[in-house]
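Student: Just one file: data_11.pdb, with PDB, C-alpha atoms.
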```
ATOM      1  CA  MET A  16       0.000   0.000   0.000
ATOM      2  CA  THR A  17       1.391   3.343  -0.929
ATOM      3  CA  GLY A  18      -0.627   5.263   1.632
ATOM      4  CA  PHE A  19      -2.987   7.303  -0.541
ATOM      5  CA  VAL A  20      -4.828   9.884   1.522
ATOM      6  CA  PHE A  21      -7.657   9.717  -0.974
ATOM      7  CA  ASP A  22      -8.860   7.163  -3.445
ATOM      8  CA  PRO A  23      -7.752   8.331  -6.901
ATOM      9  CA  CYS A  24     -10.862   6.751  -8.421
ATOM     10  CA  ASP A  25     -13.056   8.824  -6.106
ATOM     11  CA  LYS A  26     -11.271  11.928  -7.197
ATOM     12  CA  CYS A  27     -11.617  10.867 -10.797
ATOM     13  CA  GLU A  28     -15.320  10.370 -10.350
ATOM     14  CA  GLN A  29     -15.677  13.851  -8.923
ATOM     15  CA  MET A  30     -13.979  15.176 -12.011
ATOM     16  CA  MET A  31     -16.088  13.267 -14.482
ATOM     17  CA  GLN A  32     -18.943  15.719 -14.944
ATOM     18  CA  PRO A  33     -16.757  18.822 -15.166
ATOM     19  CA  TYR A  34     -14.368  16.931 -17.441
ATOM     20  CA  LEU A  35     -17.108  15.951 -19.869
ATOM     21  CA  ASP A  36     -18.583  19.444 -19.645
ATOM     22  CA  ARG A  37     -15.122  20.810 -20.433
ATOM     23  CA  VAL A  38     -15.002  23.130 -17.476
ATOM     24  CA  LEU A  39     -11.943  21.776 -15.656
ATOM     25  CA  THR A  40      -8.890  23.953 -15.413
ATOM     26  CA  GLU A  41      -5.975  22.851 -17.564
ATOM     27  CA  GLU A  42      -4.221  21.451 -14.531
ATOM     28  CA  GLU A  43      -7.256  19.467 -13.393
ATOM     29  CA  ARG A  44      -7.840  18.178 -16.896
ATOM     30  CA  GLN A  45      -4.306  16.840 -17.039
ATOM     31  CA  GLU A  46      -4.733  15.272 -13.636
ATOM     32  CA  ALA A  47      -7.915  13.525 -14.769
ATOM     33  CA  GLU A  48      -6.353  12.325 -18.012
ATOM     34  CA  LEU A  49      -3.295  11.033 -16.254
ATOM     35  CA  HIS A  50      -5.520   8.937 -14.036
ATOM     36  CA  LEU A  51      -7.664   7.788 -16.962
ATOM     37  CA  ASP A  52      -4.576   6.634 -18.830
ATOM     38  CA  GLY A  53      -3.741   4.233 -16.064
ATOM     39  CA  CYS A  54      -7.154   3.201 -14.755
ATOM     40  CA  ASP A  55      -9.307   0.918 -16.847
ATOM     41  CA  TYR A  56     -12.210   1.147 -14.413
ATOM     42  CA  CYS A  57     -12.570   4.919 -14.661
ATOM     43  CA  ARG A  58     -11.800   4.982 -18.377
ATOM     44  CA  ARG A  59     -14.701   2.645 -19.132
ATOM     45  CA  ARG A  60     -17.040   4.670 -16.992
ATOM     46  CA  TYR A  61     -16.033   7.946 -18.598
ATOM     47  CA  ARG A  62     -16.619   6.458 -22.013
ATOM     48  CA  PHE A  63     -19.944   5.147 -20.859
ATOM     49  CA  GLU A  64     -20.973   8.552 -19.550
ATOM     50  CA  ALA A  65     -20.041  10.188 -22.855
ATOM     51  CA  GLU A  66     -22.032   7.555 -24.757
ATOM     52  CA  PHE A  67     -24.909   7.930 -22.324
ATOM     53  CA  ARG A  68     -25.151  11.645 -22.970
ATOM     54  CA  LYS A  69     -25.233  11.078 -26.701
ATOM     55  CA  PHE A  70     -27.925   8.498 -26.188
ATOM     56  CA  VAL A  71     -30.093  10.817 -24.078
ATOM     57  CA  ARG A  72     -29.781  13.570 -26.644
ATOM     58  CA  LEU A  73     -30.852  11.256 -29.463
ATOM     59  CA  ALA A  74     -33.606   9.650 -27.420
ATOM     60  CA  ALA A  75     -35.031  13.036 -26.516
ATOM     61  CA  ALA A  76     -34.935  14.457 -30.029
ATOM     62  CA  GLU A  77     -38.235  14.715 -31.784
ATOM     63  CA  PRO A  78     -38.443  16.582 -35.063
ATOM     64  CA  MET A  79     -40.595  19.670 -35.187
ATOM     65  CA  PRO A  80     -43.903  19.091 -36.981
ATOM     66  CA  PRO A  81     -43.634  20.826 -40.381
ATOM     67  CA  GLU A  82     -46.991  22.584 -39.932
ATOM     68  CA  LEU A  83     -45.635  24.329 -36.868
ATOM     69  CA  LYS A  84     -42.998  26.038 -38.956
ATOM     70  CA  ALA A  85     -45.695  27.558 -41.140
ATOM     71  CA  LYS A  86     -47.680  28.628 -38.083
ATOM     72  CA  LEU A  87     -44.642  30.380 -36.650
ATOM     73  CA  ALA A  88     -43.940  32.155 -39.911
ATOM     74  CA  ALA A  89     -47.554  33.368 -39.873
ATOM     75  CA  LEU A  90     -46.879  35.087 -36.539
ATOM     76  CA  ARG A  91     -44.447  37.481 -38.196
ATOM     77  CA  THR A  92     -45.376  41.116 -38.405
ATOM     78  CA  PRO A  93     -46.827  41.812 -41.846
ATOM     79  CA  LEU A  94     -44.780  44.315 -43.814
TER      80      LEU A  94
ATOM     81  CA  MET B   6     -39.399  49.638 -22.669
ATOM     82  CA  SER B   7     -39.585  50.666 -26.278
ATOM     83  CA  GLU B   8     -41.547  53.854 -26.826
ATOM     84  CA  THR B   9     -42.246  54.887 -30.346
ATOM     85  CA  THR B  10     -39.641  57.220 -31.682
ATOM     86  CA  PRO B  11     -40.728  60.851 -31.513
ATOM     87  CA  GLU B  12     -40.151  61.427 -35.190
ATOM     88  CA  SER B  13     -40.835  58.367 -37.224
ATOM     89  CA  SER B  14     -39.334  59.543 -40.446
ATOM     90  CA  PRO B  15     -39.821  57.326 -43.491
ATOM     91  CA  ARG B  16     -36.132  56.563 -43.337
ATOM     92  CA  GLN B  17     -36.355  55.521 -39.703
ATOM     93  CA  LEU B  18     -39.365  53.370 -40.469
ATOM     94  CA  ALA B  19     -37.503  51.617 -43.240
ATOM     95  CA  ILE B  20     -34.533  50.872 -40.975
ATOM     96  CA  ASP B  21     -36.900  49.632 -38.341
ATOM     97  CA  ALA B  22     -38.665  47.305 -40.750
ATOM     98  CA  ARG B  23     -35.374  45.962 -42.002
ATOM     99  CA  ASP B  24     -34.108  45.240 -38.493
ATOM    100  CA  ARG B  25     -37.355  43.598 -37.555
ATOM    101  CA  VAL B  26     -37.367  41.354 -40.619
ATOM    102  CA  ARG B  27     -33.817  40.304 -39.878
ATOM    103  CA  PHE B  28     -34.658  39.621 -36.271
ATOM    104  CA  GLU B  29     -37.662  37.508 -37.195
ATOM    105  CA  GLU B  30     -35.727  35.497 -39.730
ATOM    106  CA  GLU B  31     -32.916  34.772 -37.321
ATOM    107  CA  ALA B  32     -35.370  33.799 -34.607
ATOM    108  CA  LEU B  33     -37.239  31.453 -36.937
ATOM    109  CA  GLN B  34     -34.027  29.691 -37.876
ATOM    110  CA  LEU B  35     -33.763  28.606 -34.257
ATOM    111  CA  SER B  36     -37.259  27.178 -34.074
ATOM    112  CA  ASP B  37     -36.195  23.535 -34.376
ATOM    113  CA  GLN B  38     -34.000  23.890 -31.319
ATOM    114  CA  VAL B  39     -36.707  25.720 -29.411
ATOM    115  CA  TYR B  40     -39.164  22.965 -30.273
ATOM    116  CA  GLN B  41     -36.794  20.206 -29.146
ATOM    117  CA  VAL B  42     -36.626  21.608 -25.643
ATOM    118  CA  ALA B  43     -40.277  22.689 -25.553
ATOM    119  CA  ARG B  44     -41.298  19.164 -26.439
ATOM    120  CA  ARG B  45     -39.497  17.805 -23.381
ATOM    121  CA  LEU B  46     -40.846  20.561 -21.144
ATOM    122  CA  ALA B  47     -44.417  19.941 -22.211
ATOM    123  CA  GLY B  48     -46.443  16.827 -21.563
ATOM    124  CA  SER B  49     -47.707  16.420 -25.104
ATOM    125  CA  ARG B  50     -46.941  17.427 -28.640
ATOM    126  CA  GLU B  51     -49.922  19.780 -28.689
ATOM    127  CA  GLU B  52     -48.764  21.542 -25.546
ATOM    128  CA  ALA B  53     -45.282  21.831 -26.967
ATOM    129  CA  GLU B  54     -46.622  23.409 -30.140
ATOM    130  CA  ASP B  55     -48.633  25.917 -28.118
ATOM    131  CA  LEU B  56     -45.623  26.734 -26.030
ATOM    132  CA  VAL B  57     -43.455  27.353 -29.073
ATOM    133  CA  GLN B  58     -46.115  29.500 -30.722
ATOM    134  CA  GLU B  59     -46.519  31.565 -27.564
ATOM    135  CA  THR B  60     -42.754  31.932 -27.366
ATOM    136  CA  TYR B  61     -42.541  33.266 -30.899
ATOM    137  CA  ALA B  62     -45.589  35.489 -30.537
ATOM    138  CA  ARG B  63     -44.006  37.058 -27.494
ATOM    139  CA  ALA B  64     -40.578  37.285 -29.088
ATOM    140  CA  PHE B  65     -41.936  39.020 -32.167
ATOM    141  CA  ARG B  66     -43.877  41.492 -30.026
ATOM    142  CA  ALA B  67     -40.875  42.215 -27.845
ATOM    143  CA  TRP B  68     -38.239  42.264 -30.566
ATOM    144  CA  ARG B  69     -37.099  45.769 -29.682
ATOM    145  CA  SER B  70     -35.985  44.641 -26.266
ATOM    146  CA  PHE B  71     -33.498  42.251 -27.856
ATOM    147  CA  GLU B  72     -30.097  43.851 -27.976
ATOM    148  CA  PRO B  73     -28.491  43.109 -31.362
ATOM    149  CA  GLY B  74     -25.161  41.365 -31.082
ATOM    150  CA  THR B  75     -26.142  39.494 -27.925
ATOM    151  CA  ASN B  76     -27.195  35.858 -27.772
ATOM    152  CA  LEU B  77     -30.539  35.533 -29.549
ATOM    153  CA  ARG B  78     -30.786  31.833 -28.831
ATOM    154  CA  ALA B  79     -30.440  32.410 -25.081
ATOM    155  CA  TRP B  80     -32.941  35.282 -25.326
ATOM    156  CA  LEU B  81     -35.522  33.025 -26.968
ATOM    157  CA  PHE B  82     -34.980  30.229 -24.485
ATOM    158  CA  ARG B  83     -35.460  32.654 -21.655
ATOM    159  CA  ILE B  84     -38.902  33.475 -23.026
ATOM    160  CA  LEU B  85     -39.623  29.776 -23.470
ATOM    161  CA  THR B  86     -38.652  28.774 -19.938
ATOM    162  CA  ASN B  87     -40.463  31.753 -18.388
ATOM    163  CA  LEU B  88     -43.627  30.908 -20.281
ATOM    164  CA  ASN B  89     -43.320  27.337 -19.181
ATOM    165  CA  ILE B  90     -43.041  28.404 -15.562
ATOM    166  CA  ASP B  91     -46.065  30.677 -16.046
ATOM    167  CA  ARG B  92     -48.078  27.688 -17.198
ATOM    168  CA  GLY B  93     -48.225  26.796 -13.540
ATOM    169  CA  ARG B  94     -46.080  23.757 -13.649
ATOM    170  CA  ARG B  95     -44.948  24.363 -10.091
ATOM    171  CA  ILE B  96     -47.201  21.908  -8.346
ATOM    172  CA  GLN B  97     -44.974  18.928  -7.831
ATOM    173  CA  ARG B  98     -42.989  17.091  -5.279
ATOM    174  CA  SER B  99     -39.968  18.731  -3.837
ATOM    175  CA  PRO B 100     -36.716  17.484  -5.289
ATOM    176  CA  ASP B 101     -34.978  17.482  -1.939
ATOM    177  CA  PHE B 102     -36.520  14.282  -0.687
ATOM    178  CA  GLN B 103     -34.765  12.021  -3.117
ATOM    179  CA  PRO B 104     -31.990  10.053  -1.498
ATOM    180  CA  LEU B 105     -29.122   9.976  -3.906
ATOM    181  CA  GLU B 106     -26.232   8.385  -2.239
ATOM    182  CA  GLU B 107     -25.124   6.499  -5.340
ATOM    183  CA  ASN B 108     -22.138   7.702  -7.237
ATOM    184  CA  ASP B 109     -21.884   8.746 -10.868
ATOM    185  CA  TYR B 110     -20.861   5.276 -11.915
ATOM    186  CA  PHE B 111     -24.062   3.820 -10.583
ATOM    187  CA  LEU B 112     -25.937   3.335 -13.851
ATOM    188  CA  TYR B 113     -22.967   1.819 -15.603
ATOM    189  CA  ASN B 114     -22.349  -0.579 -12.747
ATOM    190  CA  ARG B 115     -25.992  -1.555 -12.736
ATOM    191  CA  LEU B 116     -26.195  -2.140 -16.470
ATOM    192  CA  GLU B 117     -22.988  -4.063 -16.488
ATOM    193  CA  GLU B 118     -24.008  -6.171 -13.515
ATOM    194  CA  GLY B 119     -24.403  -9.852 -14.097
ATOM    195  CA  ARG B 120     -23.179  -9.693 -17.675
ATOM    196  CA  SER B 121     -21.094 -12.619 -18.689
ATOM    197  CA  ASP B 122     -19.511 -10.766 -21.616
ATOM    198  CA  VAL B 123     -16.991  -8.920 -19.525
ATOM    199  CA  ASN B 124     -15.478  -6.974 -22.340
ATOM    200  CA  LEU B 125     -18.738  -5.412 -23.321
ATOM    201  CA  ASP B 126     -18.143  -2.173 -25.163
ATOM    202  CA  GLU B 127     -19.572   0.937 -23.461
ATOM    203  CA  ARG B 128     -21.711   1.656 -26.488
ATOM    204  CA  ARG B 129     -23.319  -1.749 -26.169
ATOM    205  CA  VAL B 130     -24.020  -1.093 -22.528
ATOM    206  CA  VAL B 131     -25.844   2.125 -23.451
ATOM    207  CA  GLU B 132     -27.855   0.206 -26.009
ATOM    208  CA  ARG B 133     -29.477  -1.679 -23.194
ATOM    209  CA  LEU B 134     -31.402   1.469 -22.345
ATOM    210  CA  SER B 135     -34.717   2.152 -23.968
ATOM    211  CA  GLN B 136     -35.651   5.374 -25.694
ATOM    212  CA  ASN B 137     -39.104   5.418 -24.107
ATOM    213  CA  ASP B 138     -37.720   4.954 -20.627
ATOM    214  CA  THR B 139     -35.355   7.824 -21.245
ATOM    215  CA  VAL B 140     -38.103  10.172 -22.406
ATOM    216  CA  THR B 141     -40.212   9.215 -19.396
ATOM    217  CA  ALA B 142     -37.282   9.610 -17.016
ATOM    218  CA  LEU B 143     -36.643  13.100 -18.366
ATOM    219  CA  ALA B 144     -40.304  13.992 -17.967
ATOM    220  CA  ASP B 145     -40.256  12.735 -14.376
ATOM    221  CA  LEU B 146     -37.260  14.796 -13.319
ATOM    222  CA  PRO B 147     -38.110  17.480 -10.776
ATOM    223  CA  HIS B 148     -38.714  20.480 -12.998
ATOM    224  CA  ASP B 149     -36.037  22.772 -11.639
ATOM    225  CA  PHE B 150     -33.484  20.097 -12.405
ATOM    226  CA  ARG B 151     -35.002  19.204 -15.722
ATOM    227  CA  ASP B 152     -34.769  22.785 -16.983
ATOM    228  CA  VAL B 153     -31.034  22.789 -16.405
ATOM    229  CA  VAL B 154     -30.462  19.314 -17.852
ATOM    230  CA  LEU B 155     -32.419  20.198 -20.993
ATOM    231  CA  LEU B 156     -30.612  23.495 -21.506
ATOM    232  CA  VAL B 157     -27.132  22.072 -21.030
ATOM    233  CA  ASP B 158     -27.411  18.500 -22.307
ATOM    234  CA  LEU B 159     -29.954  18.950 -25.067
ATOM    235  CA  ALA B 160     -29.616  22.545 -26.142
ATOM    236  CA  ASP B 161     -25.859  22.753 -25.498
ATOM    237  CA  PHE B 162     -25.899  25.949 -23.500
ATOM    238  CA  THR B 163     -22.943  26.776 -21.277
ATOM    239  CA  TYR B 164     -23.401  26.902 -17.517
ATOM    240  CA  SER B 165     -23.324  30.664 -17.674
ATOM    241  CA  ASP B 166     -25.950  30.899 -20.446
ATOM    242  CA  ALA B 167     -28.193  28.515 -18.536
ATOM    243  CA  ALA B 168     -27.744  30.648 -15.419
ATOM    244  CA  GLN B 169     -28.853  33.745 -17.320
ATOM    245  CA  ILE B 170     -31.762  32.040 -19.009
ATOM    246  CA  LEU B 171     -33.131  30.709 -15.737
ATOM    247  CA  ASP B 172     -32.035  33.700 -13.690
ATOM    248  CA  ILE B 173     -30.221  31.595 -11.101
ATOM    249  CA  PRO B 174     -26.587  31.621  -9.922
ATOM    250  CA  ILE B 175     -24.093  29.544 -11.866
ATOM    251  CA  GLY B 176     -23.390  27.420  -8.765
ATOM    252  CA  THR B 177     -27.064  26.481  -8.706
ATOM    253  CA  VAL B 178     -26.875  25.486 -12.377
ATOM    254  CA  MET B 179     -23.975  23.191 -11.575
ATOM    255  CA  SER B 180     -25.583  21.542  -8.582
ATOM    256  CA  ARG B 181     -28.958  21.082 -10.294
ATOM    257  CA  LEU B 182     -27.260  19.688 -13.354
ATOM    258  CA  HIS B 183     -25.262  17.214 -11.357
ATOM    259  CA  ARG B 184     -28.231  16.160  -9.291
ATOM    260  CA  GLY B 185     -30.592  16.089 -12.244
ATOM    261  CA  ARG B 186     -28.280  13.813 -14.204
ATOM    262  CA  ARG B 187     -27.946  11.531 -11.218
ATOM    263  CA  ILE B 188     -31.685  11.267 -10.757
ATOM    264  CA  LEU B 189     -32.014  10.524 -14.458
ATOM    265  CA  LYS B 190     -29.466   7.737 -14.238
ATOM    266  CA  ARG B 191     -31.027   6.385 -11.086
ATOM    267  CA  THR B 192     -34.469   6.233 -12.731
ATOM    268  CA  LEU B 193     -33.034   4.530 -15.791
ATOM    269  CA  ALA B 194     -31.114   2.055 -13.689
ATOM    270  CA  ASP B 195     -34.368   1.167 -11.959
ATOM    271  CA  SER B 196     -36.270   0.728 -15.195
ATOM    272  CA  ALA B 197     -33.433  -1.294 -16.719
ATOM    273  CA  ALA B 198     -33.520  -3.562 -13.670
ATOM    274  CA  GLY B 199     -37.289  -3.891 -14.039
ATOM    275  CA  ASP B 200     -36.882  -5.098 -17.608
ATOM    276  CA  GLY B 201     -34.782  -8.004 -16.528
ATOM    277  CA  ASP B 202     -32.113  -9.062 -18.894
ATOM    278  CA  GLY B 203     -34.073  -8.145 -22.025
ATOM    279  CA  SER B 204     -32.357 -10.097 -24.731
TER     280      SER B 204
END
```
Represent the structure of the file as structure tokens.
Tutor:
Amino acid sequence: MTGFVFDPCDKCEQMMQPYLDRVLTEEERQEAELHLDGCDYCRRRYRFEAEFRKFVRLAAAEPMPPELKAKLAALRTPL
Amino acid sequence: MSETTPESSPRQLAIDARDRVRFEEEALQLSDQVYQVARRLAGSREEAEDLVQETYARAFRAWRSFEPGTNLRAWLFRILTNLNIDRGRRIQRSPDFQPLEENDYFLYNRLEEGRSDVNLDERRVVERLSQNDTVTALADLPHDFRDVVLLVDLADFTYSDAAQILDIPIGTVMSRLHRGRRILKRTLADSAAGDGDGS
């Protein structure tokens, strides 16, 4: 045991959301990536989270009914 | 806000008309994105259509209060979310009573659980989720959280844009986003467990 004061995977988990949202500082980003390079467990979960977000976005997408477009255009101020 | 100009010269009127036309065209180009979020805010397609029409009616009436050069998309979404709040959606359970001790890896762990194919690709794990469950889980999110999740994860707004649109501090955006995503994953983990092994 190397005497970690914290679990690096815990830390990595804390950084997951801000990492995927691209709001970590440069230093934090490097720290996260360094850990990801060496930790299969976290790497898989990060990839999953990224895939999950894509999935939610696609699942939630519903094309706008074409008639609505015409209705919106009709709301414009007549010239 | 916008009083009529004291002297509405023909020239001024022409400039006005031109600006307004441009504004309306730019706003209409964003209607697909507005609809996407409205659809998830509203309970039905009809309600979503009404909400979008109200948003545009209000935007077109208030076009002078839009400051050119600022973020039109955020401006429109502010109208949308305010209208949605005005629809009296507030009657619902408080989000604070949801125990959420699981970590962010919870859904993945749950989906992966009991799989014999250890080297399952993450994409395949996601495929175990159902689109319907996801739509329902989004609809069931406490609304304050859902607003933030929709703006950031669906409409791609930054934390700071979402904060302005919803008129809340950026720290609140971050905590609602984090919590909202967790609740979403928790709900999906539960429905995935309910489905059994599916295949």
Student: Residues near Leu51 (chain A), anyone? I mean within 12 Å using all atoms listed in the file, not counting same-chain ones fewer than 4 positions away, as an mmCIF file with C-alpha atoms, in the frame of the given file.
Tutor:
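Written file, around_14.cif:
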```cif
data_model
loop_
_atom_site.group_PDB
_atom_site.id
_atom_site.type_symbol
_atom_site.label_atom_id
_atom_site.label_comp_id
_atom_site.auth_asym_id
_atom_site.auth_seq_id
_atom_site.Cartn_x
_atom_site.Cartn_y
_atom_site.Cartn_z
ATOM 1 C CA PRO A 23 -7.752 8.331 -6.901
ATOM 2 C CA CYS A 24 -10.862 6.751 -8.421
ATOM 3 C CA LYS A 26 -11.271 11.928 -7.197
ATOM 4 C CA CYS A 27 -11.617 10.867 -10.797
ATOM 5 C CA GLU A 28 -15.320 10.370 -10.350
ATOM 6 C CA MET A 30 -13.979 15.176 -12.011
ATOM 7 C CA MET A 31 -16.088 13.267 -14.482
ATOM 8 C CA TYR A 34 -14.368 16.931 -17.441
ATOM 9 C CA ARG A 44 -7.840 18.178 -16.896
ATOM 10 C CA GLN A 45 -4.306 16.840 -17.039
ATOM 11 C CA GLU A 46 -4.733 15.272 -13.636
ATOM 12 C CA ALA A 47 -7.915 13.525 -14.769
ATOM 13 C CA ASP A 55 -9.307 0.918 -16.847
ATOM 14 C CA TYR A 56 -12.210 1.147 -14.413
ATOM 15 C CA CYS A 57 -12.570 4.919 -14.661
ATOM 16 C CA ARG A 58 -11.800 4.982 -18.377
ATOM 17 C CA ARG A 59 -14.701 2.645 -19.132
ATOM 18 C CA ARG A 60 -17.040 4.670 -16.992
ATOM 19 C CA TYR A 61 -16.033 7.946 -18.598
ATOM 20 C CA ARG A 62 -16.619 6.458 -22.013
#
```
Student: With only C-alpha atoms as the counted atoms, please give the residues lying no more than 12 Å from Arg186 (chain B), apart from itself and same-chain residues fewer than 5 positions off, as a PyMOL selection string.
Tutor: (chain A and resi 32+64+67-68+71) or (chain B and resi 105+107-112+139+142-143+146-147+150-155+157-158+178-181+191-193)
Student: Enter the distance from CA of Thr75 (chain B) to CA of Phe28 (chain B), in Å, rounded to one decimal.
Tutor: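 If I compute the distance from CA of Thr75 (chain B) to CA of Phe28 (chain B), I get 11.9 Å.
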Student: Apply the PyMOL selection byres ((chain A) within 8 of (chain B)) to the file shown and report the selected residues as a ChimeraX atom specification.
Tutor: /A:28,32,59-60,62-63,66-68,70-72,74-79,83-84,86-88,90-92,94
Student: Can you tell me, as AutoDock Vina command-line options, the centre and edge lengths (Å, one decimal) of the axis-aligned box enclosing all of region 40-54 of chain A's listed atoms after padding each side by 5 Å?
Tutor:
```
--center_x -6.1 --center_y 13.6 --center_z -16.1 --size_x 15.6 --size_y 30.8 --size_z 15.4
```
Student: If I take CA of Phe82 (chain B) and CA of Asp21 (chain B), how far is one from the other in Å, to one decimal?
Tutor: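 So the answer is 23.9 Å.
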Student: Is it possible to add N, CA and C atoms to region 26-46 of chain A and hand it back as a short mmCIF file (atom, residue, chain, number, x, y, z; two decimals), in the frame of the given file?
Tutor:
```
data_model
loop_
_atom_site.label_atom_id
_atom_site.label_comp_id
_atom_site.auth_asym_id
_atom_site.auth_seq_id
_atom_site.Cartn_x
_atom_site.Cartn_y
_atom_site.Cartn_z
N LYS A 26 -11.62 10.61 -6.68
CA LYS A 26 -11.27 11.93 -7.20
C LYS A 26 -11.65 12.00 -8.68
N CYS A 27 -11.35 10.91 -9.37
CA CYS A 27 -11.62 10.87 -10.80
C CYS A 27 -13.12 10.96 -11.06
N GLU A 28 -13.87 10.31 -10.19
CA GLU A 28 -15.32 10.37 -10.35
C GLU A 28 -15.84 11.79 -10.15
N GLN A 29 -15.28 12.46 -9.15
CA GLN A 29 -15.68 13.85 -8.92
C GLN A 29 -15.40 14.72 -10.14
N MET A 30 -14.37 14.34 -10.87
CA MET A 30 -13.98 15.18 -12.01
C MET A 30 -14.71 14.81 -13.30
N MET A 31 -15.50 13.75 -13.24
CA MET A 31 -16.09 13.27 -14.48
C MET A 31 -17.02 14.28 -15.13
N GLN A 32 -17.98 14.78 -14.35
CA GLN A 32 -18.94 15.72 -14.94
C GLN A 32 -18.24 16.97 -15.48
N PRO A 33 -17.43 17.63 -14.64
CA PRO A 33 -16.76 18.82 -15.17
C PRO A 33 -15.81 18.50 -16.33
N TYR A 34 -15.25 17.30 -16.33
CA TYR A 34 -14.37 16.93 -17.44
C TYR A 34 -15.18 16.84 -18.73
N LEU A 35 -16.29 16.12 -18.66
CA LEU A 35 -17.11 15.95 -19.87
C LEU A 35 -17.78 17.26 -20.28
N ASP A 36 -18.02 18.13 -19.32
CA ASP A 36 -18.58 19.44 -19.64
C ASP A 36 -17.50 20.44 -20.05
N ARG A 37 -16.28 19.99 -20.05
CA ARG A 37 -15.12 20.81 -20.43
C ARG A 37 -15.00 22.08 -19.61
N VAL A 38 -15.16 21.95 -18.32
CA VAL A 38 -15.00 23.13 -17.48
C VAL A 38 -13.89 22.98 -16.44
N LEU A 39 -13.08 21.92 -16.57
CA LEU A 39 -11.94 21.78 -15.66
C LEU A 39 -10.86 22.77 -16.05
N THR A 40 -10.07 23.16 -15.08
CA THR A 40 -8.89 23.95 -15.41
C THR A 40 -7.92 23.02 -16.14
N GLU A 41 -6.95 23.63 -16.81
CA GLU A 41 -5.98 22.85 -17.56
C GLU A 41 -5.27 21.84 -16.65
N GLU A 42 -4.94 22.30 -15.48
CA GLU A 42 -4.22 21.45 -14.53
C GLU A 42 -5.09 20.25 -14.10
N GLU A 43 -6.34 20.53 -13.80
CA GLU A 43 -7.26 19.47 -13.39
C GLU A 43 -7.49 18.48 -14.53
N ARG A 44 -7.61 19.04 -15.73
CA ARG A 44 -7.84 18.18 -16.90
C ARG A 44 -6.68 17.19 -17.06
N GLN A 45 -5.48 17.72 -16.92
CA GLN A 45 -4.31 16.84 -17.04
C GLN A 45 -4.30 15.78 -15.94
N GLU A 46 -4.69 16.20 -14.77
CA GLU A 46 -4.73 15.27 -13.64
C GLU A 46 -5.73 14.14 -13.93
#
```
